[in-house]
Amino acid sequence: MSLDEKLSRVVSRHEELGALLSGSDLDAQDIPRLSKELSDLTPVVEAIAALRQARADLEDAEAMLGDPDMRELAEEEVGRLREEVPERERAVKVMLLPKDEADERNAILEVRAGTGGDEAALFAGELFRMYERYAASQGWRFEVMEATDTPIGGLKEAIATVSGRNVFARLKYESGVHRVQRVPVTEAGGRIHTSAATVAVLPEAQAVDVHVEDKDLRVDTFRSQGAGGQHVNTTDSAVRITHIPTGIVAACQEEKSQHKNRDKAMKMLLAKMYDEQRRAADQERADTRKSQVGSGDRSERIRTYNFPQGRVTDHRINLTLYNLDKVIAGEALDDVIDPLIAEDQAAKLAEVG
């Protein structure tokens with residue numbers, strides 16, 4: 001099917017949806033689904049209209065090239081439009097790419113200290129705060145679900161729910177191993193050390209995504225603990241849930257209420273199970289792709305933060321920036337994420353031809 005045929009189908013479907021929703025014989029349960037489809041298609045239809053207008057303007061400008069009185073103006077217009085039309089065509093193609101069904105979902109963010117001891121824990125804490133500040137800049141809600149501190153102010157591990165518009169679509173590119181190069185505060189000799197932390201971003205699961213039977217769950221309660229093993233409270237309010245068939249485990253101890261901790265742990269468990277299902281389903285397709293920018297492989301070293309040089313390097317797309325202070329502050333994380341999205345889109349466009 002040619003691009004123009006695809007565009008015509010999209011416009012026809014948009015018109016069909018508008019007619020359906022304006023009718024009186026529509027089943028009430030279909031209204032939310034059709035309204036969302038119409039809403040999703042509206043920006044695509046607007047982009048198609050802009051593309052068609054640019055194409056028409058180009059034809060008119062080219063027709064004026066034969067008029068001596070209009071030739072100079074027409075040449076300028078033709079030059080501009082010959083650049084604009086391909087850009088608009090690419091934008092429409094990107095909008096027509098198959099959507100990851102999880103892109104619009106909230107996300108479960110996990111940050112864990114890796115190799116490097118205390119310095120790795122300090123770096124993990126900085127990453128976690130980077131995402132918290134970035135979430136605030138996006139207008140997202142950042143809710144800590146689990147955090148294990150270290151005595152010197154780092155984090156062994158931390159988990160948060162990030163809620164808002166298109167959270168997973170942007171944060172999914174952060175999954176992997178993040179490496180830091182700097183002189184640790186614990187280093188007396190001034191030598192540069194390399195440490196690491198792992199980041200995992202999981203789409204929040206919905207009830208229909210994962211089927212879990214109570215008999216397959218083991219729920220354990222234990223006493224919440226803080227930094228250094230000190231007890232946060234004296235009741236067994238912390239909850240750990242294990243899905244016995246898969247061995248997947250989730251725990252929460254942030255709340256004083258055992259009931260709230262169980263709800264949060266269950267949310268994390270479902271997200272982990274849903275993520276496993278997605279990864280298994282995507283594996284065959286991923287094996288055939290040359291680029292896996294958004295694959296979320298947690299064992300892959302994706303980024304290095306070099307403090308002495310003020311440099312951030314994303315190894316998946318060979319991107320190097322010299323604004324580390326702004327990136328780690330959460331102010332310029334888009335400078336990394338936007339190119340990753342563009343590269344992923346380019347790879348997908350190449351796949352579909």
# chains A, B, ... in the order shown; residues from 1 in each chain; ligands from 1
$ select_by_dssp --residues "stretch 50-187 of chain A" --states "helix (DSSP H, G or I)" --output "PyMOL selection string"
chain A and resi 50-66+71-96+117-138+167-174
$ select_by_dssp --residues "stretch 128-261 of chain A" --states "strand (DSSP E)" --output "PyMOL selection string"
chain A and resi 141-149+155-163+176-182+193-203+217-222+238-243+248-252
$ write_last_selection --atoms "N, CA and C atoms" --output "compact mmCIF listing (two decimals), in the first residue's frame"
# COMPACT_ATOMS: atom_id res chain seq x y z
N ARG A 141 3.93 12.86 38.52
CA ARG A 141 3.94 12.55 39.95
C ARG A 141 4.98 11.47 40.22
N PHE A 142 5.83 11.69 41.21
CA PHE A 142 6.91 10.78 41.55
C PHE A 142 6.69 10.29 42.97
N GLU A 143 6.34 9.01 43.12
CA GLU A 143 6.01 8.45 44.44
C GLU A 143 6.99 7.34 44.79
N VAL A 144 7.77 7.54 45.85
CA VAL A 144 8.74 6.55 46.28
C VAL A 144 8.01 5.35 46.89
N MET A 145 8.33 4.15 46.40
CA MET A 145 7.69 2.94 46.89
C MET A 145 8.62 2.14 47.80
N GLU A 146 9.90 2.26 47.57
CA GLU A 146 10.88 1.48 48.34
C GLU A 146 12.22 2.19 48.23
N ALA A 147 12.95 2.31 49.33
CA ALA A 147 14.27 2.93 49.30
C ALA A 147 15.11 2.37 50.44
N THR A 148 16.32 1.92 50.10
CA THR A 148 17.24 1.42 51.10
C THR A 148 18.47 2.32 51.11
N ASP A 149 18.60 3.12 52.17
CA ASP A 149 19.69 4.09 52.27
C ASP A 149 20.98 3.42 52.74
N LEU A 155 22.16 5.25 48.06
CA LEU A 155 21.03 4.33 47.98
C LEU A 155 21.50 2.98 47.45
N LYS A 156 21.22 1.92 48.21
CA LYS A 156 21.48 0.59 47.69
C LYS A 156 20.49 0.27 46.57
N GLU A 157 19.24 0.63 46.82
CA GLU A 157 18.21 0.47 45.80
C GLU A 157 17.05 1.39 46.13
N ALA A 158 16.32 1.78 45.10
CA ALA A 158 15.15 2.63 45.28
C ALA A 158 14.17 2.37 44.15
N ILE A 159 12.90 2.39 44.50
CA ILE A 159 11.84 2.13 43.52
C ILE A 159 10.79 3.22 43.65
N ALA A 160 10.31 3.71 42.52
CA ALA A 160 9.28 4.75 42.53
C ALA A 160 8.26 4.49 41.42
N THR A 161 7.05 4.96 41.64
CA THR A 161 6.04 4.98 40.60
C THR A 161 6.02 6.39 40.01
N VAL A 162 6.12 6.47 38.70
CA VAL A 162 6.09 7.76 38.01
C VAL A 162 4.81 7.82 37.19
N SER A 163 3.96 8.79 37.50
CA SER A 163 2.64 8.87 36.87
C SER A 163 2.48 10.17 36.10
N GLY A 176 19.08 0.17 31.78
CA GLY A 176 20.40 -0.32 31.46
C GLY A 176 21.40 0.06 32.54
N VAL A 177 22.68 -0.16 32.26
CA VAL A 177 23.75 0.15 33.21
C VAL A 177 24.26 1.56 32.96
N HIS A 178 24.25 2.37 34.01
CA HIS A 178 24.77 3.74 33.96
C HIS A 178 26.11 3.75 34.71
N ARG A 179 27.13 4.29 34.07
CA ARG A 179 28.48 4.25 34.65
C ARG A 179 28.93 5.68 35.00
N VAL A 180 29.62 5.82 36.12
CA VAL A 180 30.13 7.13 36.53
C VAL A 180 31.64 7.06 36.68
N GLN A 181 32.32 8.10 36.23
CA GLN A 181 33.77 8.22 36.37
C GLN A 181 34.06 9.53 37.08
N ARG A 182 34.65 9.44 38.28
CA ARG A 182 34.98 10.64 39.05
C ARG A 182 35.83 10.25 40.25
N HIS A 193 37.74 6.94 39.93
CA HIS A 193 37.18 5.59 40.01
C HIS A 193 36.01 5.47 39.03
N THR A 194 35.75 4.24 38.65
CA THR A 194 34.58 3.94 37.81
C THR A 194 33.62 3.07 38.61
N SER A 195 32.39 3.54 38.73
CA SER A 195 31.35 2.79 39.44
C SER A 195 30.12 2.71 38.55
N ALA A 196 29.14 1.94 38.98
CA ALA A 196 27.96 1.76 38.14
C ALA A 196 26.69 1.60 38.96
N ALA A 197 25.59 1.88 38.31
CA ALA A 197 24.25 1.64 38.88
C ALA A 197 23.37 1.15 37.74
N THR A 198 22.40 0.33 38.07
CA THR A 198 21.48 -0.18 37.06
C THR A 198 20.13 0.50 37.21
N VAL A 199 19.52 0.77 36.08
CA VAL A 199 18.19 1.38 36.04
C VAL A 199 17.26 0.45 35.27
N ALA A 200 16.08 0.24 35.80
CA ALA A 200 15.05 -0.52 35.10
C ALA A 200 13.77 0.30 35.11
N VAL A 201 13.14 0.41 33.95
CA VAL A 201 11.88 1.14 33.82
C VAL A 201 10.84 0.16 33.28
N LEU A 202 9.82 -0.10 34.07
CA LEU A 202 8.78 -1.06 33.71
C LEU A 202 7.45 -0.34 33.50
N PRO A 203 6.71 -0.71 32.48
CA PRO A 203 5.37 -0.12 32.32
C PRO A 203 4.45 -0.65 33.41
N LEU A 217 0.72 -17.20 44.94
CA LEU A 217 1.42 -16.13 45.63
C LEU A 217 1.81 -16.54 47.05
N ARG A 218 3.04 -16.17 47.44
CA ARG A 218 3.45 -16.32 48.83
C ARG A 218 3.69 -14.92 49.38
N VAL A 219 2.98 -14.59 50.44
CA VAL A 219 3.07 -13.26 51.04
C VAL A 219 3.76 -13.36 52.39
N ASP A 220 4.89 -12.66 52.52
CA ASP A 220 5.63 -12.65 53.78
C ASP A 220 5.62 -11.23 54.34
N THR A 221 5.50 -11.15 55.66
CA THR A 221 5.59 -9.84 56.32
C THR A 221 6.84 -9.81 57.18
N PHE A 222 7.41 -8.62 57.31
CA PHE A 222 8.62 -8.47 58.12
C PHE A 222 8.70 -7.04 58.64
N ALA A 238 6.09 -4.34 56.75
CA ALA A 238 6.67 -4.52 55.42
C ALA A 238 6.14 -5.81 54.80
N VAL A 239 6.01 -5.81 53.48
CA VAL A 239 5.42 -6.96 52.78
C VAL A 239 6.30 -7.37 51.60
N ARG A 240 6.50 -8.67 51.48
CA ARG A 240 7.20 -9.24 50.33
C ARG A 240 6.28 -10.26 49.68
N ILE A 241 6.06 -10.11 48.37
CA ILE A 241 5.19 -11.04 47.63
C ILE A 241 6.02 -11.78 46.59
N THR A 242 5.90 -13.10 46.58
CA THR A 242 6.62 -13.94 45.62
C THR A 242 5.61 -14.66 44.73
N HIS A 243 5.80 -14.54 43.41
CA HIS A 243 4.99 -15.33 42.48
C HIS A 243 5.70 -16.66 42.29
N ILE A 248 9.33 -14.46 40.61
CA ILE A 248 9.40 -13.01 40.63
C ILE A 248 8.98 -12.50 42.01
N VAL A 249 9.77 -11.54 42.54
CA VAL A 249 9.54 -11.05 43.89
C VAL A 249 9.39 -9.53 43.87
N ALA A 250 8.49 -9.03 44.72
CA ALA A 250 8.34 -7.58 44.91
C ALA A 250 8.10 -7.33 46.38
N ALA A 251 8.66 -6.23 46.89
CA ALA A 251 8.52 -5.91 48.31
C ALA A 251 8.31 -4.43 48.49
N CYS A 252 7.68 -4.06 49.60
CA CYS A 252 7.49 -2.65 49.92
C CYS A 252 7.46 -2.48 51.44
$ closest_residue --among "A:Asp344, A:Glu351, A:Asp216, A:Glu204" --to "A:Arg105" --atoms "only C-alpha atoms"
A:Glu204
$ closest_residue --among "A:Asp40, A:Ser175, A:Tyr274, A:Leu81" --to "A:Asp209" --atoms "only C-alpha atoms"
A:Tyr274
$ closest_residue --among "A:Ala47, A:Ala346, A:Gln309, A:Ile337" --to "A:Leu171" --atoms "only C-alpha atoms"
A:Ile337
$ residues_around --residues "A:Glu75" --least-positions-apart "3" --cutoff "10 Å" --atoms "only C-alpha atoms" --output "list in words"
Ala61, Glu62, Met64, Leu65, Met70, Arg71, Glu72, Val78, Gly79, Arg80 and Leu81 of chain A
